[in-house]
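What follows is the content of model-v7.txt, which has compact mmCIF, C-alpha atoms and all ligand atoms:
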# COMPACT_ATOMS: atom_id res chain seq x y z
CA MET A 355 131.58 181.46 260.06
CA THR A 356 131.63 182.96 263.58
CA PRO A 357 135.02 182.36 265.25
CA SER A 358 135.02 180.72 268.67
CA PHE A 359 136.53 182.58 271.60
CA GLN A 360 138.08 181.76 274.94
CA LEU A 361 137.61 185.08 276.78
CA LEU A 362 134.91 186.80 274.78
CA ARG A 363 131.24 185.90 274.46
CA LEU A 364 129.42 186.83 271.31
CA GLU A 365 125.65 186.83 270.91
CA THR A 366 123.53 188.28 268.16
CA ASP A 367 120.08 189.74 268.52
CA GLY A 368 118.82 190.73 265.08
CA PRO A 369 121.03 193.59 263.87
CA VAL A 370 122.80 193.92 267.24
CA VAL A 371 125.89 191.92 268.08
CA HIS A 372 126.72 191.78 271.78
CA LEU A 373 130.36 191.21 272.72
CA ARG A 374 131.00 190.51 276.37
CA LEU A 375 134.47 190.47 277.96
CA ASN A 376 134.31 187.14 279.75
CA ARG A 377 137.15 186.98 282.25
CA PRO A 378 135.38 187.97 285.46
CA ASP A 379 137.79 186.10 287.77
CA LYS A 380 140.51 188.54 286.63
CA ARG A 381 138.10 191.48 286.49
CA ASN A 382 138.23 191.35 282.69
CA ALA A 383 141.91 192.35 282.69
CA LEU A 384 143.01 192.60 279.07
CA ASN A 385 145.66 190.03 278.25
CA GLU A 386 147.04 189.26 274.77
CA THR A 387 144.37 186.65 274.13
CA LEU A 388 141.49 188.97 274.96
CA VAL A 389 142.88 191.85 272.90
CA ARG A 390 143.44 189.47 269.97
CA GLU A 391 139.94 188.06 270.32
CA LEU A 392 138.46 191.56 270.29
CA GLN A 393 140.35 192.25 267.08
CA THR A 394 139.19 188.97 265.52
CA ALA A 395 135.61 189.67 266.56
CA PHE A 396 135.55 193.10 264.93
CA VAL A 397 137.20 191.81 261.74
CA ASN A 398 134.61 189.02 261.49
CA LEU A 399 131.40 190.70 262.63
CA PRO A 400 128.34 188.77 261.45
CA LYS A 401 127.15 190.08 258.08
CA GLU A 402 123.78 191.14 259.51
CA ALA A 403 125.39 193.21 262.34
CA ARG A 404 124.49 196.91 262.21
CA VAL A 405 125.57 197.87 265.76
CA ALA A 406 127.83 196.31 268.39
CA VAL A 407 127.33 196.43 272.16
CA LEU A 408 130.40 195.85 274.31
CA SER A 409 130.11 194.92 278.00
CA GLY A 410 131.95 193.11 280.77
CA GLU A 411 130.89 189.97 282.63
CA GLY A 412 130.91 190.11 286.44
CA ALA A 413 131.17 193.14 288.71
CA HIS A 414 133.54 195.19 286.54
CA PHE A 415 133.82 196.35 282.95
CA SER A 416 137.61 195.94 282.89
CA ALA A 417 140.63 196.26 285.19
CA GLY A 418 142.78 197.26 282.23
CA LEU A 419 146.05 195.79 281.13
CA ASP A 420 146.83 192.36 282.55
CA LEU A 421 149.72 193.44 284.73
CA SER A 422 151.12 189.90 284.90
CA GLU A 423 152.13 190.30 281.24
CA VAL A 424 154.30 193.39 281.61
CA THR A 425 156.82 192.42 284.27
CA GLU A 426 159.09 190.44 281.94
CA GLN A 427 158.67 192.63 278.87
CA SER A 428 161.64 194.33 277.18
CA VAL A 429 161.30 197.89 275.83
CA ALA A 430 161.04 196.56 272.27
CA GLU A 431 158.36 194.05 273.27
CA GLY A 432 156.52 196.82 275.10
CA ILE A 433 156.31 198.90 271.93
CA LEU A 434 155.00 195.96 269.91
CA HIS A 435 152.52 195.10 272.65
CA SER A 436 151.13 198.64 272.58
CA ARG A 437 150.97 198.62 268.77
CA LYS A 438 148.87 195.44 268.92
CA TRP A 439 146.40 197.23 271.18
CA HIS A 440 146.36 200.16 268.75
CA ALA A 441 145.57 197.86 265.83
CA ALA A 442 142.79 196.09 267.73
CA PHE A 443 141.28 199.26 269.19
CA ASP A 444 141.39 201.11 265.86
CA LEU A 445 139.28 198.34 264.40
CA ILE A 446 136.67 199.00 267.07
CA GLN A 447 136.47 202.76 266.57
CA TYR A 448 136.93 202.60 262.81
CA GLY A 449 135.17 199.32 262.11
CA PRO A 450 132.02 198.89 260.07
CA VAL A 451 129.42 199.48 262.81
CA PRO A 452 128.71 201.92 265.66
CA VAL A 453 129.77 200.53 269.04
CA ILE A 454 128.00 201.14 272.36
CA ALA A 455 129.84 200.27 275.60
CA VAL A 456 128.12 199.40 278.87
CA LEU A 457 130.23 200.51 281.84
CA HIS A 458 129.99 199.30 285.42
CA GLY A 459 132.45 198.73 288.25
CA ALA A 460 136.11 199.29 287.36
CA VAL A 461 136.71 201.07 284.07
CA VAL A 462 140.39 201.59 284.63
CA GLY A 463 143.61 201.89 282.69
CA GLY A 464 143.30 199.92 279.48
CA GLY A 465 139.64 199.34 280.38
CA LEU A 466 139.01 203.07 280.02
CA GLU A 467 141.09 203.08 276.84
CA LEU A 468 138.84 200.33 275.49
CA ALA A 469 135.70 202.18 276.59
CA ALA A 470 136.98 205.26 274.75
CA THR A 471 136.97 203.37 271.44
CA ALA A 472 133.18 203.07 271.60
CA HIS A 473 130.98 205.64 269.89
CA LEU A 474 128.55 205.81 272.83
CA ARG A 475 128.97 204.87 276.49
CA VAL A 476 126.19 203.93 278.90
CA ALA A 477 127.29 203.89 282.56
CA GLU A 478 125.77 202.44 285.71
CA PRO A 479 126.21 204.12 289.14
CA SER A 480 128.83 201.52 290.18
CA ALA A 481 131.18 202.63 287.36
CA PHE A 482 134.42 204.25 288.44
CA TYR A 483 137.16 205.54 286.21
CA GLY A 484 140.86 205.51 286.98
CA LEU A 485 144.16 205.74 285.16
CA PRO A 486 146.56 204.10 287.63
CA GLU A 487 149.39 204.01 285.09
CA GLY A 488 151.17 206.83 286.95
CA GLN A 489 151.08 204.80 290.16
CA ARG A 490 152.20 201.62 288.36
CA GLY A 491 155.22 203.35 286.81
CA ILE A 492 153.90 203.03 283.27
CA PHE A 493 151.96 205.10 280.73
CA VAL A 494 148.82 204.55 278.71
CA GLY A 495 149.59 202.31 275.73
CA GLY A 496 146.18 201.42 274.34
CA SER A 497 145.51 204.69 272.51
CA GLY A 498 144.26 206.41 275.66
CA SER A 499 146.44 209.48 275.15
CA ALA A 500 144.76 210.07 271.79
CA ARG A 501 141.18 209.11 272.69
CA ILE A 502 140.55 209.99 276.34
CA PRO A 503 141.48 213.72 276.12
CA ARG A 504 138.96 214.00 273.28
CA LEU A 505 136.27 212.91 275.73
CA MET A 506 137.30 214.70 278.92
CA GLY A 507 140.16 217.09 278.06
CA VAL A 508 143.90 216.84 278.68
CA SER A 509 143.69 218.62 282.03
CA ARG A 510 141.31 216.11 283.66
CA MET A 511 143.27 213.17 282.26
CA THR A 512 146.51 214.68 283.56
CA ASP A 513 144.96 214.96 287.02
CA MET A 514 143.83 211.31 286.95
CA MET A 515 147.27 210.11 285.85
CA LEU A 516 149.43 212.32 288.07
CA THR A 517 147.43 212.00 291.28
CA GLY A 518 145.58 208.72 290.84
CA ARG A 519 142.28 210.59 291.11
CA VAL A 520 139.31 208.30 290.54
CA PHE A 521 136.09 209.65 289.04
CA ASP A 522 132.83 208.12 290.17
CA ALA A 523 129.98 207.53 287.74
CA ALA A 524 128.41 210.97 288.26
CA GLU A 525 131.77 212.72 287.86
CA GLY A 526 132.48 210.62 284.77
CA GLN A 527 129.15 211.60 283.27
CA ALA A 528 129.80 215.30 283.98
CA ALA A 529 133.32 215.02 282.52
CA GLY A 530 132.10 213.42 279.28
CA LEU A 531 133.24 209.85 279.89
CA SER A 532 129.70 208.54 279.55
CA ASN A 533 126.79 209.69 277.40
CA TYR A 534 124.07 208.11 279.55
CA LEU A 535 123.96 207.33 283.27
CA VAL A 536 121.24 204.82 284.13
CA GLY A 537 120.26 202.75 287.19
CA GLU A 538 122.34 199.84 288.44
CA GLY A 539 121.80 196.78 286.27
CA GLU A 540 120.01 198.83 283.60
CA GLY A 541 123.01 199.53 281.38
CA LEU A 542 122.66 196.62 279.00
CA ALA A 543 118.94 197.18 278.43
CA LYS A 544 119.59 200.86 277.72
CA ALA A 545 122.45 200.00 275.36
CA MET A 546 120.24 197.50 273.51
CA GLU A 547 117.45 200.09 273.24
CA LEU A 548 119.92 202.62 271.82
CA ALA A 549 121.45 199.97 269.56
CA ARG A 550 118.09 199.15 267.99
CA LYS A 551 117.48 202.85 267.39
CA VAL A 552 120.93 203.31 265.83
CA ALA A 553 120.42 200.15 263.74
CA SER A 554 117.28 201.65 262.22
CA ASN A 555 119.30 204.52 260.67
CA ALA A 556 120.55 204.25 257.10
CA PRO A 557 123.87 202.33 257.29
CA LEU A 558 125.67 205.00 255.25
CA SER A 559 124.54 207.73 257.66
CA ASN A 560 125.86 205.71 260.59
CA TYR A 561 129.10 205.16 258.73
CA ALA A 562 129.48 208.89 258.06
CA ILE A 563 128.72 209.74 261.69
CA THR A 564 131.19 207.28 263.17
CA GLN A 565 133.93 207.51 260.54
CA ALA A 566 133.79 210.93 258.91
CA LEU A 567 132.75 213.03 261.91
CA PRO A 568 135.71 212.27 264.22
CA ARG A 569 138.15 212.64 261.33
CA ILE A 570 136.69 215.95 260.19
CA ALA A 571 136.89 217.20 263.78
CA GLU A 572 140.67 216.60 263.60
CA MET A 573 141.10 218.51 260.32
CA ALA A 574 141.68 222.18 259.72
CA PRO A 575 138.23 223.71 259.02
CA ALA A 576 138.80 224.30 255.28
CA GLU A 577 139.78 220.68 254.64
CA GLY A 578 137.14 219.43 257.06
CA LEU A 579 134.39 221.32 255.28
CA PHE A 580 135.48 219.94 251.93
CA VAL A 581 135.31 216.37 253.29
CA GLU A 582 131.96 217.21 254.86
CA SER A 583 130.59 218.24 251.45
CA LEU A 584 131.77 214.99 249.88
CA MET A 585 130.42 212.86 252.71
CA SER A 586 127.12 214.65 252.76
CA ALA A 587 126.66 214.26 248.98
CA ILE A 588 127.57 210.57 249.19
CA ALA A 589 125.06 209.97 251.99
CA GLN A 590 122.32 211.97 250.25
CA GLY A 591 122.90 210.12 246.99
CA ASP A 592 122.09 206.80 248.61
CA GLU A 593 118.60 205.41 247.96
CA ALA A 594 118.07 204.93 251.71
CA ALA A 595 118.41 208.69 252.21
CA LYS A 596 116.13 209.56 249.31
CA GLN A 597 113.46 207.20 250.66
CA ARG A 598 113.68 208.68 254.17
CA VAL A 599 113.41 212.24 252.91
CA ARG A 600 110.39 211.28 250.76
CA ASP A 601 108.83 209.58 253.81
CA PHE A 602 109.09 212.83 255.77
CA LEU A 603 107.76 215.01 252.96
CA GLU A 604 104.84 212.62 252.42
CA LYS A 605 104.06 212.61 256.18
CA ARG A 606 105.11 208.98 256.73
CA ALA A 607 108.07 209.75 259.02
CA GLY A 608 108.22 211.00 262.58
CA LYS A 609 108.93 214.60 263.55
CA VAL A 610 111.96 215.59 265.60
CA GLY A 611 111.30 215.05 269.29
CA LYS A 612 108.03 213.18 268.68
CA ALA A 613 107.53 209.43 268.41
CA SER A 614 106.83 208.30 264.83
C1 LIG B 1 144.40 191.53 287.70
C2 LIG B 1 144.20 192.87 287.30
C3 LIG B 1 145.07 193.39 286.30
C4 LIG B 1 142.72 192.38 288.80
N1 LIG B 1 146.03 192.58 285.83
N2 LIG B 1 145.38 190.78 287.20
N3 LIG B 1 145.14 198.05 286.09
C5 LIG B 1 145.16 198.27 287.40
O1 LIG B 1 146.11 198.76 287.98
C6 LIG B 1 143.94 197.80 288.16
C7 LIG B 1 144.31 196.69 289.11
N4 LIG B 1 143.12 196.06 289.67
C8 LIG B 1 142.47 196.59 290.75
O2 LIG B 1 142.73 197.69 291.21
C9 LIG B 1 141.37 195.75 291.34
O3 LIG B 1 141.58 194.40 290.94
C10 LIG B 1 139.94 196.17 290.91
C11 LIG B 1 139.59 197.50 291.56
C12 LIG B 1 139.80 196.27 289.40
C13 LIG B 1 138.93 195.07 291.37
O4 LIG B 1 139.10 194.82 292.75
P1 LIG B 1 138.50 193.47 293.36
O5 LIG B 1 138.73 193.53 294.86
O6 LIG B 1 137.13 193.24 292.87
O7 LIG B 1 139.37 192.27 292.73
P2 LIG B 1 140.86 191.77 293.11
O8 LIG B 1 140.78 190.83 294.27
O9 LIG B 1 141.82 192.89 293.22
O10 LIG B 1 141.26 190.96 291.79
C14 LIG B 1 140.71 189.69 291.47
C15 LIG B 1 141.75 188.95 290.65
O11 LIG B 1 141.98 189.65 289.44
C16 LIG B 1 143.11 188.90 291.34
O12 LIG B 1 143.74 187.70 290.93
P3 LIG B 1 143.76 186.39 291.89
O13 LIG B 1 144.50 185.37 291.09
O14 LIG B 1 144.47 186.86 293.15
O15 LIG B 1 142.32 186.04 292.16
C17 LIG B 1 143.86 190.06 290.74
O16 LIG B 1 145.27 189.91 290.78
C18 LIG B 1 143.35 189.99 289.31
N5 LIG B 1 143.47 191.27 288.63
N6 LIG B 1 143.14 193.37 287.99
C19 LIG B 1 146.17 191.31 286.29
N7 LIG B 1 144.93 194.61 285.84
C20 LIG B 1 147.96 199.18 277.22
S1 LIG B 1 148.49 200.04 278.55
C21 LIG B 1 147.25 199.97 279.73
C22 LIG B 1 147.83 200.26 281.07
C23 LIG B 1 146.92 199.86 282.16
O17 LIG B 1 145.85 199.37 281.97
S2 LIG B 1 147.51 200.14 283.73
C24 LIG B 1 146.20 199.74 284.79
C25 LIG B 1 146.23 198.32 285.22
Give the structure from this file in structure tokens form.
Ligand code: 1HE
Amino acid sequence: MTPSFQLLRLETDGPVVHLRLNRPDKRNALNETLVRELQTAFVNLPKEARVAVLSGEGAHFSAGLDLSEVTEQSVAEGILHSRKWHAAFDLIQYGPVPVIAVLHGAVVGGGLELAATAHLRVAEPSAFYGLPEGQRGIFVGGSGSARIPRLMGVSRMTDMMLTGRVFDAAEGQAAGLSNYLVGEGEGLAKAMELARKVASNAPLSNYAITQALPRIAEMAPAEGLFVESLMSAIAQGDEAAKQRVRDFLEKRAGKVGKAS
């Protein structure tokens, strides 16, 4: 059964599940409820879901951490709060399906941390990226220190945090924060187009790409190559792979760079 949510909207379109942060009056600031609902949504994805698209309602993707929740927090509560974000965000990056985020307006603080959990990011020209934690007297707590440098490098993230530098959409694209930069209002359609393409891959290939690839990239090469051999043999052994290879050899599948 699909759970019901207060601050998240969930729609399914065939194999694509669309999750929309739905707190536009607060610029989709991430409070405890919204983070918990994201976690619940990714634990309970519909069985038919092959890809998830994540977007924000209103003029902004997300203004990050709901700052009204931190003023009364003790140090111990702060640690637990951050660990809850880690648990929820890990489920997004390491859940069962590839995730594509649609970015527009503010993608700041925890909003950028959330965007960084996705496997692909589609940005619109209105997107801007900031990490105002330095200015707010805090630090990233939603796994940003582990995920964001892997997209843009430690040096650029350090600049954003120390100086409050904001990257516009074009700078974000050049820095690796987005994979695609499309016209204003075109992000969701592009994400859905990509999602349908990704959904047509063999599920085990998608799983290897989203789960094995980032882990192998963190390993020493010798260990990484060993895991690569195992993963590649597992994927190849699957009937879906055998069928696809046969389709190519028997001229039923498309060629690289040409429509099938
Ligand atoms: C919020 C938040 C929020 C808006 N927490 N309430 N994040 C930030 O430091 C970003 C703070 N937000 C902003 O800089 C701006 O709101 C925006 C650039 C995102 C949007 O500006 P704008 O003019 O469209 O909206 P607004 O008028 O500033 O905000 C509308 C309402 O949303 C307003 O509440 P209202 O009751 O007065 O209508 C704002 O107070 C509210 N709002 N952003 C709470 N973030 C796990 S660690 C992660 C650490 C971080 O994420 S730090 C970064 C926090």
Open item on the list: Residues within 10 Å of Ala470 of chain A, please, as a PyMOL selection string. Count all atoms listed in the file; anything in the same chain fewer than 2 positions from it doesn't count.
Closed with: chain A and resi 443+446-447+455+464-468+472-475+496-498+500-505+531-532
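Coordinates place atom CA of Leu408 of chain A at a distance of 7.1 Å from atom CA of Val453 of chain A.
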- [ ] Could you tell me, counting all atoms listed in the file, which protein and nucleic acid residues lie no more than 10 Å from ligand LIG 1 (chain B), written as an MDAnalysis selection string?
- [x] chainID A and resid 377:385 389 412:424 432:433 435:440 459:468 482:498
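Of note, atom CA of Leu434 of chain A and atom CA of Gln393 of chain A are spaced 15.4 Å apart.
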Task: Computed interatomic separation between atom CA of Glu582 of chain A and atom CA of Ser554 of chain A (Å) - done: 22.6 Å
Task: Shell of 12 Å around Asn533 of chain A, all atoms listed in the file, local chain residues under 3 positions omitted, as a PyMOL selection string - done: chain A and resi 454-457+469-470+472-478+505-506+523-530+536+541+544-545+548
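Closest approach to Glu547 of chain A among A:Val370, A:Val397, A:Met511, A:Ile588: A:Val370, based on only C-alpha atoms.
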Task: Surrounding residues of Ile563 of chain A excluding itself and chain neighbours under 3 positions, 12 Å, all atoms listed in the file, as a PyMOL selection string - done: chain A and resi 447-448+450-453+473-474+552+555-560+566-571+582+585-586+589
